[in-house]
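**Q** Enclosed is the structure file upload24.json (JSON, C-alpha atoms).
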```
[["chain", "number", "residue", "atom", "x", "y", "z"],
["Q", 5, "ARG", "CA", 69.78, 184.37, -90.61],
["Q", 6, "GLU", "CA", 68.68, 181.41, -92.64],
["Q", 7, "ALA", "CA", 71.17, 181.86, -95.48],
["Q", 8, "VAL", "CA", 74.90, 182.26, -95.94],
["Q", 9, "LEU", "CA", 75.89, 185.58, -97.46],
["Q", 10, "PRO", "CA", 78.88, 186.24, -99.74],
["Q", 11, "GLN", "CA", 80.60, 188.22, -96.98],
["Q", 12, "ASP", "CA", 80.30, 185.18, -94.70],
["Q", 13, "VAL", "CA", 82.23, 183.12, -97.23],
["Q", 14, "ARG", "CA", 84.82, 185.85, -97.67],
["Q", 15, "ALA", "CA", 85.33, 186.05, -93.90],
["Q", 16, "VAL", "CA", 86.21, 182.38, -93.48],
["Q", 17, "LEU", "CA", 87.71, 181.34, -96.82],
["Q", 18, "ALA", "CA", 91.17, 182.86, -96.42],
["Q", 19, "PRO", "CA", 91.96, 181.36, -93.00],
["Q", 20, "VAL", "CA", 90.52, 177.98, -93.99],
["Q", 21, "MET", "CA", 92.19, 177.75, -97.39],
["Q", 22, "ALA", "CA", 95.56, 179.25, -96.40],
["Q", 23, "HIS", "CA", 96.76, 176.05, -94.77],
["Q", 24, "ARG", "CA", 95.29, 173.85, -97.51],
["Q", 25, "ILE", "CA", 97.25, 175.41, -100.37],
["Q", 26, "PHE", "CA", 100.42, 173.51, -101.21],
["Q", 27, "LEU", "CA", 103.30, 175.38, -102.79],
["Q", 28, "SER", "CA", 106.46, 174.13, -104.43],
["Q", 29, "PRO", "CA", 109.44, 174.29, -102.08],
["Q", 30, "ALA", "CA", 110.86, 177.14, -104.17],
["Q", 31, "TYR", "CA", 107.80, 179.29, -103.36],
["Q", 32, "GLU", "CA", 107.32, 178.26, -99.74],
["Q", 33, "PRO", "CA", 109.53, 181.05, -98.31],
["Q", 34, "ARG", "CA", 107.16, 183.58, -99.95],
["Q", 35, "ARG", "CA", 103.96, 181.89, -98.64],
["Q", 36, "GLU", "CA", 102.92, 184.91, -96.57],
["Q", 37, "ALA", "CA", 102.71, 187.05, -99.71],
["Q", 38, "LEU", "CA", 101.66, 184.48, -102.30],
["Q", 39, "VAL", "CA", 98.75, 182.72, -100.60],
["Q", 40, "PRO", "CA", 96.76, 185.88, -99.76],
["Q", 41, "ALA", "CA", 97.38, 187.16, -103.31],
["Q", 42, "LEU", "CA", 96.14, 183.87, -104.74],
["Q", 43, "ILE", "CA", 92.98, 183.95, -102.61],
["Q", 44, "ASP", "CA", 92.35, 187.61, -103.51],
["Q", 45, "ALA", "CA", 92.76, 186.78, -107.20],
["Q", 46, "ALA", "CA", 90.21, 183.98, -106.89],
["Q", 47, "PHE", "CA", 87.70, 186.35, -105.28],
["Q", 48, "ALA", "CA", 88.34, 188.93, -108.01],
["Q", 49, "THR", "CA", 87.40, 186.45, -110.75],
["Q", 50, "ILE", "CA", 84.34, 184.85, -109.14],
["Q", 51, "PRO", "CA", 81.20, 187.00, -109.34],
["Q", 52, "VAL", "CA", 78.98, 187.45, -106.30],
["Q", 53, "PRO", "CA", 75.75, 185.52, -106.89],
["Q", 54, "ALA", "CA", 72.69, 187.65, -107.54],
["Q", 55, "GLY", "CA", 70.18, 187.20, -104.84]]
```
How would this structure read if it were set down as structure tokens?

**A**
Amino acid sequence: REAVLPQDVRAVLAPVMAHRIFLSPAYEPRREALVPALIDAAFATIPVPAG
């Protein structure tokens, strides 16, 4: 393909961003639940570009 598709971004964003999100020490023990929820919430609010 010559273009990146939305599903391509979805496939790599979570693993790439997961280690780049900094949490307060109070939330760090819940990282495994919070970070995926945060990434899912971001995807839910950003519309897929029309193409």

**Q** Can you list, as a VMD selection string, every protein, DNA or RNA residue that comes within 10 Å of Q:Phe47 when you count all atoms listed in the file, leaving out same-chain residues fewer than 6 positions away?

**A** chain Q and resid 14 17 41

**Q** Could you tell me which of Q:Ala30, Q:Ala54, Q:Ile43, Q:Ala37 comes closest to Q:Ala15 if we count all atoms listed in the file?

**A**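 Checking each candidate against Q:Ala15, we get Q:Ile43 as the closest.
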
**Q** Would you mind reading off the distance between atom CA of Q:Val8 and atom CA of Q:Thr49, one decimal, in Å?

**A** 19.8 Å

**Q** Atom CA of Q:Met21 and atom CA of Q:Pro53 are how many Å apart?

**A**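 Computed distance, atom CA of Q:Met21 to atom CA of Q:Pro53, equals 20.5 Å.
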
**Q** Could you check how far atom CA of Q:Val13 sits from atom CA of Q:Ala48, in Å to one decimal?

**A**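 Straight-line distance from atom CA of Q:Val13 to atom CA of Q:Ala48 works out to 13.7 Å.
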
**Q** With distances taken over all atoms listed in the file, which of Q:Pro40, Q:Ala46, Q:Val52, Q:Ala7 is nearest to Q:Pro19?

**A**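 Of Q:Pro40, Q:Ala46, Q:Val52, Q:Ala7, the one nearest Q:Pro19 is Q:Pro40, counting all atoms listed in the file.
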